[in-house]
file work.cif (mmCIF, C-alpha atoms and all ligand atoms)
data_run
#
loop_
_atom_site.label_atom_id
_atom_site.label_comp_id
_atom_site.auth_asym_id
_atom_site.auth_seq_id
_atom_site.Cartn_x
_atom_site.Cartn_y
_atom_site.Cartn_z
CA MET G 1 47.42 5.67 -7.88
CA THR G 2 49.11 5.19 -11.26
CA LYS G 3 47.91 7.07 -14.34
CA GLU G 4 46.72 3.78 -15.95
CA LEU G 5 44.78 2.79 -12.86
CA LYS G 6 43.13 6.19 -12.70
CA GLU G 7 42.18 6.02 -16.39
CA SER G 8 40.71 2.53 -16.09
CA GLN G 9 38.73 3.62 -13.03
CA LEU G 10 37.33 6.60 -14.96
CA LEU G 11 36.41 4.26 -17.81
CA LEU G 12 34.61 1.97 -15.38
CA GLU G 13 32.69 4.91 -13.88
CA GLU G 14 31.74 6.11 -17.40
CA GLU G 15 30.57 2.61 -18.31
CA GLU G 16 28.49 2.40 -15.10
CA LYS G 17 26.91 5.80 -15.87
CA ASN G 18 26.06 4.77 -19.45
CA ARG G 19 24.49 1.59 -18.20
CA THR G 20 22.31 3.42 -15.69
CA LEU G 21 21.23 5.91 -18.39
CA ALA G 22 20.39 3.03 -20.78
CA VAL G 23 18.25 1.38 -18.06
CA ILE G 24 16.42 4.66 -17.38
CA SER G 25 15.91 5.34 -21.11
CA ASN G 26 14.53 1.88 -21.83
CA PHE G 27 12.37 1.67 -18.72
CA THR G 28 8.71 0.96 -19.53
CA ASP G 29 7.50 3.30 -16.75
CA GLY G 30 7.85 7.04 -17.08
CA LEU G 31 10.52 8.49 -14.76
CA LEU G 32 11.10 12.11 -13.75
CA VAL G 33 13.56 13.51 -11.24
CA PHE G 34 13.13 16.90 -9.54
CA ASP G 35 15.99 18.53 -7.68
CA LYS G 36 15.76 20.13 -4.23
CA GLU G 37 14.45 23.38 -5.78
CA ASN G 38 11.72 21.38 -7.52
CA ALA G 39 13.24 21.91 -10.98
CA LEU G 40 13.05 19.02 -13.42
CA SER G 41 16.50 17.45 -13.79
CA LEU G 42 15.69 14.22 -15.64
CA ILE G 43 12.88 12.85 -17.79
CA ASN G 44 13.02 9.52 -19.61
CA PRO G 45 11.51 8.80 -23.10
CA GLN G 46 8.46 7.00 -21.67
CA ALA G 47 7.55 10.03 -19.53
CA GLU G 48 8.08 12.26 -22.60
CA PHE G 49 5.63 10.00 -24.47
CA PHE G 50 2.99 10.03 -21.66
CA LEU G 51 3.19 13.80 -21.23
CA LYS G 52 3.60 14.54 -24.96
CA ILE G 53 6.60 16.70 -24.28
CA LYS G 54 10.23 16.91 -25.38
CA ALA G 55 12.97 16.69 -22.72
CA LYS G 56 14.84 19.73 -24.09
CA GLU G 57 11.69 21.88 -23.68
CA VAL G 58 11.24 21.07 -20.00
CA ILE G 59 14.59 20.21 -18.39
CA GLY G 60 15.58 22.79 -15.78
CA LYS G 61 12.06 24.21 -15.48
CA SER G 62 10.43 24.70 -12.11
CA LEU G 63 7.07 23.22 -11.14
CA SER G 64 5.24 26.52 -11.69
CA GLU G 65 6.81 26.91 -15.15
CA LEU G 66 5.84 23.35 -16.00
CA SER G 67 2.22 23.99 -14.98
CA ASN G 68 1.95 26.27 -18.06
CA SER G 69 2.06 23.15 -20.18
CA PRO G 70 -1.49 21.64 -20.34
CA ASN G 71 -0.10 18.10 -20.51
CA PHE G 72 2.01 18.62 -17.40
CA ARG G 73 -0.61 20.49 -15.36
CA PRO G 74 -2.47 17.51 -13.75
CA LEU G 75 0.85 16.01 -12.62
CA VAL G 76 2.16 19.36 -11.35
CA ASN G 77 -1.07 19.83 -9.34
CA LEU G 78 -0.45 16.49 -7.70
CA LEU G 79 3.21 17.28 -7.00
CA MET G 80 2.38 20.69 -5.53
CA LYS G 81 -0.23 19.15 -3.22
CA LYS G 82 2.09 16.49 -1.93
CA ASN G 83 3.63 16.97 1.45
CA LYS G 84 4.78 13.41 1.79
CA GLU G 85 5.52 10.48 -0.45
CA ILE G 86 2.72 9.19 -2.67
CA PHE G 87 2.17 5.55 -3.52
CA ARG G 88 0.14 4.47 -6.56
CA LYS G 89 -2.12 7.51 -6.88
CA GLU G 90 -4.39 7.30 -9.88
CA LEU G 91 -4.15 10.17 -12.37
CA THR G 92 -6.29 10.45 -15.48
CA LEU G 93 -4.39 12.46 -18.08
CA LYS G 94 -7.00 11.91 -20.77
CA LYS G 95 -9.80 9.39 -21.33
CA ASN G 96 -7.47 6.83 -22.84
CA LEU G 97 -4.48 7.40 -20.57
CA ILE G 98 -4.71 6.56 -16.87
CA LEU G 99 -1.47 6.58 -14.92
CA GLU G 100 -0.55 5.37 -11.47
CA VAL G 101 1.80 7.93 -9.92
CA SER G 102 4.30 7.20 -7.16
CA ILE G 103 6.50 9.88 -5.67
CA VAL G 104 9.55 8.95 -3.62
CA SER G 105 12.38 10.87 -2.14
CA ILE G 106 15.87 9.88 -3.31
CA GLU G 107 18.25 10.02 -0.39
CA ARG G 108 21.98 10.01 -1.12
CA PRO G 109 24.80 10.49 1.37
CA LYS G 110 26.17 14.06 1.39
CA LYS G 111 23.75 15.13 -1.39
CA GLU G 112 20.57 17.18 -1.26
CA ASN G 113 17.43 15.06 -1.50
CA GLU G 114 15.83 14.76 -4.93
CA THR G 115 12.34 13.56 -5.83
CA LEU G 116 11.67 10.65 -8.15
CA VAL G 117 8.29 10.49 -9.89
CA ILE G 118 7.26 7.15 -11.41
CA LEU G 119 4.44 7.00 -13.96
CA HIS G 120 2.95 3.57 -14.56
CA ASN G 121 0.36 3.07 -17.31
CA ILE G 122 -2.76 1.33 -15.94
CA THR G 123 -5.18 2.24 -18.76
CA ARG G 124 -5.67 -1.37 -19.81
CA GLU G 125 -6.37 -2.67 -16.27
CA LYS G 126 -8.82 0.19 -15.70
CA THR G 127 -10.65 -0.50 -18.99
CA VAL G 128 -11.00 -4.21 -18.15
CA GLU G 129 -12.18 -3.27 -14.63
CA ARG G 130 -14.83 -0.94 -16.07
CA MET G 131 -16.01 -3.57 -18.56
CA LYS G 132 -16.35 -6.11 -15.73
CA SER G 133 -18.25 -3.63 -13.60
CA ASP G 134 -20.59 -2.73 -16.52
CA PHE G 135 -21.22 -6.43 -17.09
CA ILE G 136 -22.07 -7.02 -13.42
CA SER G 137 -24.37 -4.00 -13.37
CA LEU G 138 -26.21 -5.08 -16.53
CA THR G 139 -26.61 -8.70 -15.36
CA ALA G 140 -27.82 -7.65 -11.90
CA HIS G 141 -30.40 -5.26 -13.38
CA GLN G 142 -31.65 -7.93 -15.78
CA LEU G 143 -31.98 -10.49 -12.97
CA ARG G 144 -33.76 -8.25 -10.45
CA THR G 145 -37.15 -8.03 -12.22
CA PRO G 146 -37.72 -11.77 -12.94
CA LEU G 147 -36.60 -12.64 -9.38
CA SER G 148 -39.18 -10.22 -7.96
CA GLY G 149 -41.77 -11.81 -10.26
CA ILE G 150 -40.95 -15.26 -8.86
CA LYS G 151 -41.13 -13.90 -5.29
CA TRP G 152 -44.63 -12.46 -5.70
CA GLY G 153 -45.87 -15.55 -7.56
CA LEU G 154 -44.64 -17.77 -4.71
CA ILE G 155 -46.20 -15.52 -2.06
CA MET G 156 -49.60 -15.71 -3.81
CA ILE G 157 -49.49 -19.51 -4.07
CA LEU G 158 -48.30 -19.83 -0.44
CA LYS G 159 -51.15 -17.58 0.70
CA GLU G 160 -53.45 -19.99 -1.16
CA ASP G 161 -54.85 -17.20 -3.37
CA PHE G 162 -55.35 -19.78 -6.13
CA GLY G 163 -56.67 -22.62 -3.96
CA LYS G 164 -55.51 -24.93 -1.20
CA ILE G 165 -52.03 -26.50 -1.28
CA THR G 166 -50.85 -29.62 0.52
CA LYS G 167 -48.28 -29.60 3.36
CA GLU G 168 -45.62 -31.13 1.06
CA GLN G 169 -46.28 -28.49 -1.60
CA LYS G 170 -46.06 -25.77 1.06
CA ASP G 171 -42.71 -27.10 2.38
CA ILE G 172 -41.18 -27.17 -1.09
CA LEU G 173 -42.55 -23.76 -2.02
CA GLU G 174 -41.21 -22.26 1.22
CA LYS G 175 -37.74 -23.65 0.50
CA THR G 176 -37.97 -22.23 -3.04
CA TYR G 177 -39.05 -18.90 -1.59
CA PHE G 178 -36.01 -18.69 0.72
CA THR G 179 -33.61 -19.73 -2.07
CA ASN G 180 -35.13 -16.99 -4.23
CA GLU G 181 -34.73 -14.49 -1.37
CA ARG G 182 -31.02 -15.41 -1.20
CA MET G 183 -30.70 -14.74 -4.93
CA ILE G 184 -32.47 -11.38 -4.52
CA SER G 185 -30.12 -10.37 -1.72
CA LEU G 186 -27.08 -11.41 -3.82
CA VAL G 187 -28.35 -9.35 -6.76
CA ASP G 188 -29.01 -6.41 -4.41
CA SER G 189 -25.42 -6.64 -3.11
CA LEU G 190 -24.13 -6.68 -6.69
CA LEU G 191 -26.19 -3.59 -7.46
CA ASP G 192 -24.84 -1.90 -4.29
CA VAL G 193 -21.27 -2.69 -5.39
CA THR G 194 -21.79 -1.15 -8.83
CA ARG G 195 -23.49 1.90 -7.27
CA ILE G 196 -20.52 2.33 -4.87
CA GLU G 197 -18.04 2.08 -7.73
CA GLU G 198 -19.95 4.55 -9.88
CA GLY G 199 -20.39 6.96 -6.94
CA ARG G 200 -24.19 6.54 -7.08
CA PHE G 201 -24.64 4.99 -3.61
CA LEU G 202 -26.74 7.73 -2.04
CA TYR G 203 -27.29 8.25 1.67
CA LYS G 204 -30.46 9.36 3.45
CA PRO G 205 -29.25 10.30 6.95
CA THR G 206 -31.71 10.53 9.84
CA LYS G 207 -31.14 10.60 13.62
CA GLU G 208 -31.17 6.98 14.75
CA ASP G 209 -30.90 4.89 17.90
CA LEU G 210 -28.24 2.25 17.31
CA VAL G 211 -29.40 0.15 20.29
CA GLY G 212 -32.82 -0.22 18.67
CA ILE G 213 -31.34 -1.03 15.25
CA THR G 214 -29.05 -3.68 16.78
CA GLU G 215 -31.94 -5.26 18.70
CA GLU G 216 -34.02 -5.43 15.50
CA VAL G 217 -31.14 -7.10 13.65
CA ILE G 218 -30.58 -9.63 16.47
CA ASP G 219 -34.29 -10.46 16.36
CA LEU G 220 -34.09 -11.00 12.62
CA LEU G 221 -31.12 -13.36 13.01
CA LYS G 222 -32.53 -15.34 15.96
CA GLY G 223 -33.65 -18.18 13.69
CA ILE G 224 -30.20 -18.63 12.07
CA ALA G 225 -28.50 -18.46 15.50
CA GLU G 226 -30.81 -21.18 16.88
CA ARG G 227 -30.23 -23.36 13.82
CA GLU G 228 -26.45 -22.98 14.22
CA LYS G 229 -26.68 -23.42 18.05
CA ILE G 230 -25.08 -20.03 18.72
CA LYS G 231 -25.75 -17.89 21.81
CA ILE G 232 -25.97 -14.14 21.21
CA LYS G 233 -25.16 -11.65 24.00
CA PHE G 234 -25.77 -7.93 23.54
CA LEU G 235 -24.03 -5.49 25.91
CA VAL G 236 -24.63 -1.75 26.01
CA GLU G 237 -22.13 0.37 27.95
CA GLY G 238 -23.43 3.73 29.17
CA ASN G 239 -25.85 6.01 27.34
CA ILE G 240 -25.62 5.77 23.59
CA PRO G 241 -26.47 9.10 21.93
CA LYS G 242 -28.50 9.10 18.74
CA VAL G 243 -26.44 9.43 15.57
CA LYS G 244 -27.22 10.68 12.09
CA VAL G 245 -26.92 7.63 9.85
CA ASP G 246 -28.59 6.06 6.85
CA ARG G 247 -30.76 3.62 8.77
CA GLU G 248 -31.10 1.01 6.04
CA LYS G 249 -27.40 0.94 5.18
CA ILE G 250 -26.16 0.90 8.79
CA SER G 251 -28.65 -1.91 9.55
CA PHE G 252 -27.11 -3.82 6.64
CA CYS G 253 -23.60 -3.38 8.14
CA ILE G 254 -24.68 -4.49 11.62
CA GLN G 255 -26.55 -7.46 10.15
CA ASN G 256 -23.58 -8.44 7.98
CA LEU G 257 -21.16 -8.44 10.94
CA ILE G 258 -23.50 -10.38 13.26
CA GLU G 259 -24.53 -12.85 10.54
CA ASN G 260 -20.87 -13.56 9.72
CA ALA G 261 -20.13 -14.07 13.44
CA ILE G 262 -22.93 -16.67 13.58
CA ILE G 263 -22.15 -18.43 10.29
CA TYR G 264 -18.37 -18.59 10.76
CA ASN G 265 -18.75 -19.83 14.34
CA ASN G 266 -18.54 -23.34 15.80
CA PRO G 267 -21.56 -25.25 17.15
CA ASN G 268 -22.41 -24.08 20.69
CA GLY G 269 -20.31 -21.00 20.07
CA LYS G 270 -20.90 -17.45 21.32
CA VAL G 271 -21.39 -14.07 19.71
CA THR G 272 -20.90 -11.01 21.93
CA ILE G 273 -22.07 -7.67 20.62
CA LEU G 274 -20.94 -4.49 22.35
CA LEU G 275 -22.14 -0.95 21.84
CA LYS G 276 -20.44 1.85 23.74
CA TYR G 277 -19.98 5.59 23.60
CA ASP G 278 -16.48 7.03 23.73
CA LYS G 279 -17.00 10.51 25.18
CA THR G 280 -13.47 11.79 24.57
CA LYS G 281 -13.56 10.91 20.89
CA ASN G 282 -17.29 11.66 20.63
CA GLN G 283 -17.85 8.44 18.75
CA ILE G 284 -19.72 5.20 19.07
CA LEU G 285 -17.86 1.92 19.09
CA PHE G 286 -19.67 -1.18 17.92
CA SER G 287 -18.02 -4.59 18.09
CA VAL G 288 -18.96 -8.18 17.33
CA LYS G 289 -16.84 -10.92 18.88
CA ASP G 290 -17.20 -14.60 17.99
CA THR G 291 -15.69 -17.89 19.05
CA GLY G 292 -15.47 -19.23 15.52
CA ILE G 293 -13.09 -20.42 12.81
CA GLY G 294 -11.06 -17.18 12.60
CA ILE G 295 -9.30 -15.80 9.53
CA LEU G 296 -5.92 -17.03 8.26
CA ARG G 297 -3.12 -14.46 8.48
CA ASP G 298 -2.53 -14.75 4.71
CA ASP G 299 -6.19 -13.88 4.03
CA GLN G 300 -6.43 -10.94 6.41
CA ASP G 301 -5.26 -8.20 3.99
CA ARG G 302 -7.95 -9.05 1.46
CA ILE G 303 -10.95 -9.49 3.75
CA PHE G 304 -12.59 -6.18 2.69
CA SER G 305 -11.99 -6.71 -1.05
CA LYS G 306 -15.03 -7.42 -3.17
CA PHE G 307 -15.72 -11.10 -3.97
CA PHE G 308 -13.00 -12.26 -1.56
CA ARG G 309 -13.86 -15.24 0.63
CA GLY G 310 -11.36 -16.62 3.15
CA THR G 311 -9.99 -20.15 2.89
CA LEU G 312 -11.53 -21.29 6.19
CA ALA G 313 -14.90 -19.70 5.35
CA ILE G 314 -15.16 -21.48 1.97
CA LYS G 315 -14.58 -24.83 3.72
CA LYS G 316 -17.22 -24.11 6.36
CA GLU G 317 -19.92 -22.46 4.26
CA THR G 318 -20.21 -22.92 0.51
CA VAL G 319 -22.80 -20.18 0.09
CA GLY G 320 -21.46 -16.62 0.20
CA SER G 321 -20.59 -13.81 -2.16
CA GLY G 322 -17.69 -12.05 -0.46
CA LEU G 323 -19.53 -8.75 -0.98
CA GLY G 324 -20.88 -8.01 2.51
CA LEU G 325 -17.69 -6.64 4.05
CA PHE G 326 -16.83 -4.64 0.91
CA VAL G 327 -20.21 -2.88 1.10
CA THR G 328 -19.96 -2.55 4.91
CA LYS G 329 -16.53 -0.88 4.73
CA ASN G 330 -17.75 1.59 2.11
CA VAL G 331 -20.86 2.45 4.13
CA VAL G 332 -18.88 2.93 7.38
CA GLU G 333 -16.28 5.12 5.65
CA ALA G 334 -19.00 7.19 3.97
CA HIS G 335 -20.26 7.87 7.54
CA GLN G 336 -16.67 8.95 8.36
CA GLY G 337 -16.25 5.94 10.58
CA LYS G 338 -13.60 3.22 10.68
CA ILE G 339 -13.78 -0.57 10.47
CA TRP G 340 -11.16 -3.16 11.41
CA PHE G 341 -10.82 -6.60 12.96
CA GLU G 342 -8.65 -8.92 15.03
CA SER G 343 -8.67 -12.61 14.30
CA GLU G 344 -6.81 -15.81 14.97
CA LYS G 345 -7.28 -19.17 13.31
CA GLY G 346 -9.49 -21.44 15.41
CA LYS G 347 -9.88 -18.84 18.18
CA GLY G 348 -12.42 -16.45 16.66
CA SER G 349 -12.66 -12.94 15.35
CA THR G 350 -13.73 -9.52 16.60
CA PHE G 351 -14.92 -6.90 14.13
CA TYR G 352 -15.00 -3.27 15.26
CA LEU G 353 -16.57 -0.20 13.77
CA THR G 354 -16.74 3.40 14.91
CA LEU G 355 -19.26 6.08 13.99
CA PRO G 356 -18.67 9.73 14.87
CA VAL G 357 -21.52 11.39 16.72
CA LYS G 358 -21.00 14.88 15.26
CA GLU G 359 -22.96 16.06 12.21
CA LYS G 360 -21.24 14.89 9.08
CA ASN G 361 -21.18 15.10 5.34
CA TYR G 362 -21.76 11.97 3.39
CA ALA G 363 -19.32 10.87 0.70
P1 LIG H 401 -19.34 -13.72 2.70
O1 LIG H 401 -19.67 -13.92 4.15
O2 LIG H 401 -20.52 -13.73 1.80
O3 LIG H 401 -18.25 -14.64 2.23
P2 LIG H 401 -18.29 -11.12 3.53
O4 LIG H 401 -17.85 -9.99 2.66
O5 LIG H 401 -19.32 -10.82 4.54
O6 LIG H 401 -18.76 -12.25 2.52
O7 LIG H 401 -17.01 -11.70 4.24
C1 LIG H 401 -15.83 -11.90 3.48
C2 LIG H 401 -15.00 -12.97 4.10
O8 LIG H 401 -14.49 -12.52 5.36
C3 LIG H 401 -15.73 -14.27 4.43
O9 LIG H 401 -15.84 -15.10 3.31
C4 LIG H 401 -14.82 -14.85 5.51
O10 LIG H 401 -13.69 -15.44 4.90
C5 LIG H 401 -14.33 -13.62 6.24
N1 LIG H 401 -15.08 -13.35 7.46
C6 LIG H 401 -15.94 -12.34 7.69
N2 LIG H 401 -16.41 -12.37 8.94
C7 LIG H 401 -15.84 -13.43 9.56
C8 LIG H 401 -15.90 -14.00 10.86
N3 LIG H 401 -16.66 -13.47 11.82
N4 LIG H 401 -15.14 -15.09 11.12
C9 LIG H 401 -14.34 -15.62 10.17
N5 LIG H 401 -14.25 -15.15 8.91
C10 LIG H 401 -14.97 -14.06 8.60
#

call {"tool": "encode", "arguments": {"input": "work.cif", "output": "structure tokens"}}
result
Amino acid sequence: MTKELKESQLLLEEEEKNRTLAVISNFTDGLLVFDKENALSLINPQAEFFLKIKAKEVIGKSLSELSNSPNFRPLVNLLMKKNKEIFRKELTLKKNLILEVSIVSIERPKKENETLVILHNITREKTVERMKSDFISLTAHQLRTPLSGIKWGLIMILKEDFGKITKEQKDILEKTYFTNERMISLVDSLLDVTRIEEGRFLYKPTKEDLVGITEEVIDLLKGIAEREKIKIKFLVEGNIPKVKVDREKISFCIQNLIENAIIYNNPNGKVTILLKYDKTKNQILFSVKDTGIGILRDDQDRIFSKFFRGTLAIKKETVGSGLGLFVTKNVVEAHQGKIWFESEKGKGSTFYLTLPVKEKNYA
């Protein structure tokens, strides 16, 4: 290689390096790189700003040295805990600074692995989320009392406490009563969602028989199933041991899954409910299979998100809040169980949930 060629290659390499450094310096996320000994080898200006620290004070320091700095400590705690890569972990540095932390390993040929830490500011999103949640909570609380007032007023009139009513009046009042009940259950779901998000959704576990709970729920939904021309089959495999659950909340989950299987079914369709005990895993498996509309592949990732309603479901049934599965998932996970589903457009869906039989702590 000629001298000129070598010089121009060096210039090119220098230029490439400067460009990379400029990109890192101007990046709107905070970036930190730790070497294989966990010493800090790079920190960009945005990370300096988030952590209120100067690069020259921290470069070359190990994780334990960095933990002496109060601003660095929460991040160091997270880094020390990690034994694998982290994706979008929320970290509150102070009340007005919430970061989303991702940790990835940088693999380069013939070089020791380094660790890249990315800090993304999500304070604004979190503030908006909290404002929305406060608004929902306030509205739901304000609506609950008048709706209960309407309910009891209607019950008294329907029971003819204030005098006889005609058949037509009774029919209309009954329809009004059921519409009001729907509103009450929507408001209750909204209150449940805010309680879940604020960590105030409390559990009262007692030893329960899931076969009995499921039978009660099926009985409650018999009317809707008949109206929709759906056949319900309930299978119990083996002896089902009693489990410690919050009866009211688990009943809600079972009802939500069976009700969805009826509503999102086709006329003359089938719903098959199965309850079985898996001895090796010491857990109960509950599943609800339907022959209904199914869930589009594109919608499947969001099915447990609050307020999400699938495209096919919106077409079939205009009424719905998209809150049932969000609450159900939270309740099942608080019981240390799992929930998932399989579904295919036009062929139907099967929702599964497991509940461990052993004594458990509630989240
Ligand atoms: P809602 O039924 O009020 O819309 P859910 O949270 O219970 O709310 O369900 C969320 C969404 O999941 C539904 O809107 C629907 O798109 C989909 N879904 C749930 N269960 C079924 C089912 N058995 N078949 C097809 N879609 C379903």

call {"tool": "closest_residue", "arguments": {"input": "work.cif", "among": "G:Pro267, G:Pro356, G:Gly322, G:Pro205", "to": "ligand LIG 401 (chain H)", "atoms": "only C-alpha atoms and all ligand atoms"}}
result
G:Gly322

call {"tool": "residues_near_ligand", "arguments": {"input": "work.cif", "ligand": "ligand LIG 401 (chain H)", "cutoff": "6 Å", "atoms": "all atoms listed in the file", "output": "JSON, numbers by chain"}}
result
{"G": [256, 260, 261, 264, 293, 294, 295, 303, 308, 309, 310, 313, 320, 321, 322, 323, 324, 325, 326, 349]}

call {"tool": "closest_residue", "arguments": {"input": "work.cif", "among": "G:Lys89, G:Lys94, G:Lys175, G:Lys207", "to": "G:Val117", "atoms": "only C-alpha atoms"}}
result
G:Lys89

call {"tool": "closest_residue", "arguments": {"input": "work.cif", "among": "G:Leu79, G:Leu116, G:Val128, G:Val23", "to": "G:Leu91", "atoms": "all atoms listed in the file"}}
result
G:Leu79

call {"tool": "closest_residue", "arguments": {"input": "work.cif", "among": "G:Thr20, G:Thr28, G:Asn282, G:Thr139", "to": "G:Ile240", "atoms": "all atoms listed in the file"}}
result
G:Asn282

call {"tool": "closest_residue", "arguments": {"input": "work.cif", "among": "G:Leu147, G:Val243, G:Asp161, G:Tyr203", "to": "G:Arg182", "atoms": "only C-alpha atoms"}}
result
G:Leu147

call {"tool": "residues_around", "arguments": {"input": "work.cif", "residues": "G:Thr354", "least_positions_apart": "2", "cutoff": "6 Å", "atoms": "all atoms listed in the file", "output": "NGL selection string"}}
result
:G and (284-285 or 337-338)

call {"tool": "residues_around", "arguments": {"input": "work.cif", "residues": "G:Ala334", "least_positions_apart": "4", "cutoff": "12 Å", "atoms": "all atoms listed in the file", "output": "VMD selection string"}}
result
chain G and resid 196 199 201 to 205 245 to 246 249 to 250 327 to 330 338 to 339 354 to 356 360 to 363

call {"tool": "atom_distance", "arguments": {"input": "work.cif", "atom1": "atom CA of G:Leu210", "atom2": "atom CA of G:Trp340"}}
result
18.9 Å

call {"tool": "closest_residue", "arguments": {"input": "work.cif", "among": "G:Glu317, G:Glu208, G:Glu37, G:Asp192", "to": "G:Asn265", "atoms": "all atoms listed in the file"}}
result
G:Glu317

call {"tool": "atom_distance", "arguments": {"input": "work.cif", "atom1": "atom CA of G:Phe87", "atom2": "atom CA of G:Ile103"}}
result
6.5 Å

call {"tool": "residues_around", "arguments": {"input": "work.cif", "residues": "G:Ile98", "least_positions_apart": "5", "cutoff": "12 Å", "atoms": "all atoms listed in the file", "output": "list in words"}}
result
Phe50, Leu51, Pro74, Leu75, Arg88, Lys89, Glu90, Leu91, Thr92, Leu93, Leu119, His120, Asn121, Ile122, Thr123, Arg124, Glu125, Lys126 and Thr127 of chain G

call {"tool": "atom_distance", "arguments": {"input": "work.cif", "atom1": "atom CA of G:Thr350", "atom2": "atom CA of G:Glu228"}}
result
18.7 Å

call {"tool": "residues_around", "arguments": {"input": "work.cif", "residues": "stretch 65-69 of chain G", "least_positions_apart": "3", "cutoff": "12 Å", "atoms": "all atoms listed in the file", "output": "list of chain:residue names"}}
result
G:Phe34, G:Asn38, G:Ala39, G:Leu40, G:Leu51, G:Lys52, G:Ile53, G:Lys54, G:Ala55, G:Glu57, G:Val58, G:Ile59, G:Gly60, G:Lys61, G:Ser62, G:Phe72, G:Arg73, G:Pro74, G:Leu75, G:Val76, G:Asn77, G:Leu78, G:Leu79, G:Met80

call {"tool": "build_atoms", "arguments": {"input": "work.cif", "residues": "stretch 133-145 of chain G", "atoms": "N, CA and C atoms", "output": "PDB file, keeping the file's coordinate frame"}}
result
ATOM      1  N   SER G 133     -17.259  -4.291 -14.439  1.00  0.00           N
ATOM      2  CA  SER G 133     -18.250  -3.630 -13.600  1.00  0.00           C
ATOM      3  C   SER G 133     -19.540  -3.369 -14.393  1.00  0.00           C
ATOM      4  N   ASP G 134     -19.405  -2.955 -15.676  1.00  0.00           N
ATOM      5  CA  ASP G 134     -20.590  -2.730 -16.520  1.00  0.00           C
ATOM      6  C   ASP G 134     -21.350  -4.037 -16.709  1.00  0.00           C
ATOM      7  N   PHE G 135     -20.588  -5.128 -16.881  1.00  0.00           N
ATOM      8  CA  PHE G 135     -21.220  -6.430 -17.090  1.00  0.00           C
ATOM      9  C   PHE G 135     -22.010  -6.854 -15.845  1.00  0.00           C
ATOM     10  N   ILE G 136     -21.395  -6.662 -14.668  1.00  0.00           N
ATOM     11  CA  ILE G 136     -22.070  -7.020 -13.420  1.00  0.00           C
ATOM     12  C   ILE G 136     -23.343  -6.185 -13.257  1.00  0.00           C
ATOM     13  N   SER G 137     -23.226  -4.901 -13.530  1.00  0.00           N
ATOM     14  CA  SER G 137     -24.370  -4.000 -13.370  1.00  0.00           C
ATOM     15  C   SER G 137     -25.507  -4.412 -14.297  1.00  0.00           C
ATOM     16  N   LEU G 138     -25.180  -4.696 -15.545  1.00  0.00           N
ATOM     17  CA  LEU G 138     -26.210  -5.080 -16.530  1.00  0.00           C
ATOM     18  C   LEU G 138     -26.879  -6.390 -16.114  1.00  0.00           C
ATOM     19  N   THR G 139     -26.060  -7.387 -15.739  1.00  0.00           N
ATOM     20  CA  THR G 139     -26.610  -8.700 -15.360  1.00  0.00           C
ATOM     21  C   THR G 139     -27.507  -8.553 -14.132  1.00  0.00           C
ATOM     22  N   ALA G 140     -27.037  -7.801 -13.132  1.00  0.00           N
ATOM     23  CA  ALA G 140     -27.820  -7.650 -11.900  1.00  0.00           C
ATOM     24  C   ALA G 140     -29.166  -6.982 -12.193  1.00  0.00           C
ATOM     25  N   HIS G 141     -29.148  -5.929 -13.033  1.00  0.00           N
ATOM     26  CA  HIS G 141     -30.400  -5.260 -13.380  1.00  0.00           C
ATOM     27  C   HIS G 141     -31.355  -6.205 -14.093  1.00  0.00           C
ATOM     28  N   GLN G 142     -30.809  -7.003 -15.008  1.00  0.00           N
ATOM     29  CA  GLN G 142     -31.650  -7.930 -15.780  1.00  0.00           C
ATOM     30  C   GLN G 142     -32.245  -9.019 -14.896  1.00  0.00           C
ATOM     31  N   LEU G 143     -31.503  -9.398 -13.835  1.00  0.00           N
ATOM     32  CA  LEU G 143     -31.980 -10.490 -12.970  1.00  0.00           C
ATOM     33  C   LEU G 143     -33.020 -10.025 -11.960  1.00  0.00           C
ATOM     34  N   ARG G 144     -32.937  -8.747 -11.562  1.00  0.00           N
ATOM     35  CA  ARG G 144     -33.760  -8.250 -10.450  1.00  0.00           C
ATOM     36  C   ARG G 144     -35.256  -8.414 -10.719  1.00  0.00           C
ATOM     37  N   THR G 145     -35.716  -8.017 -11.930  1.00  0.00           N
ATOM     38  CA  THR G 145     -37.150  -8.030 -12.220  1.00  0.00           C
ATOM     39  C   THR G 145     -37.724  -9.461 -12.233  1.00  0.00           C
TER      40      THR G 145
END
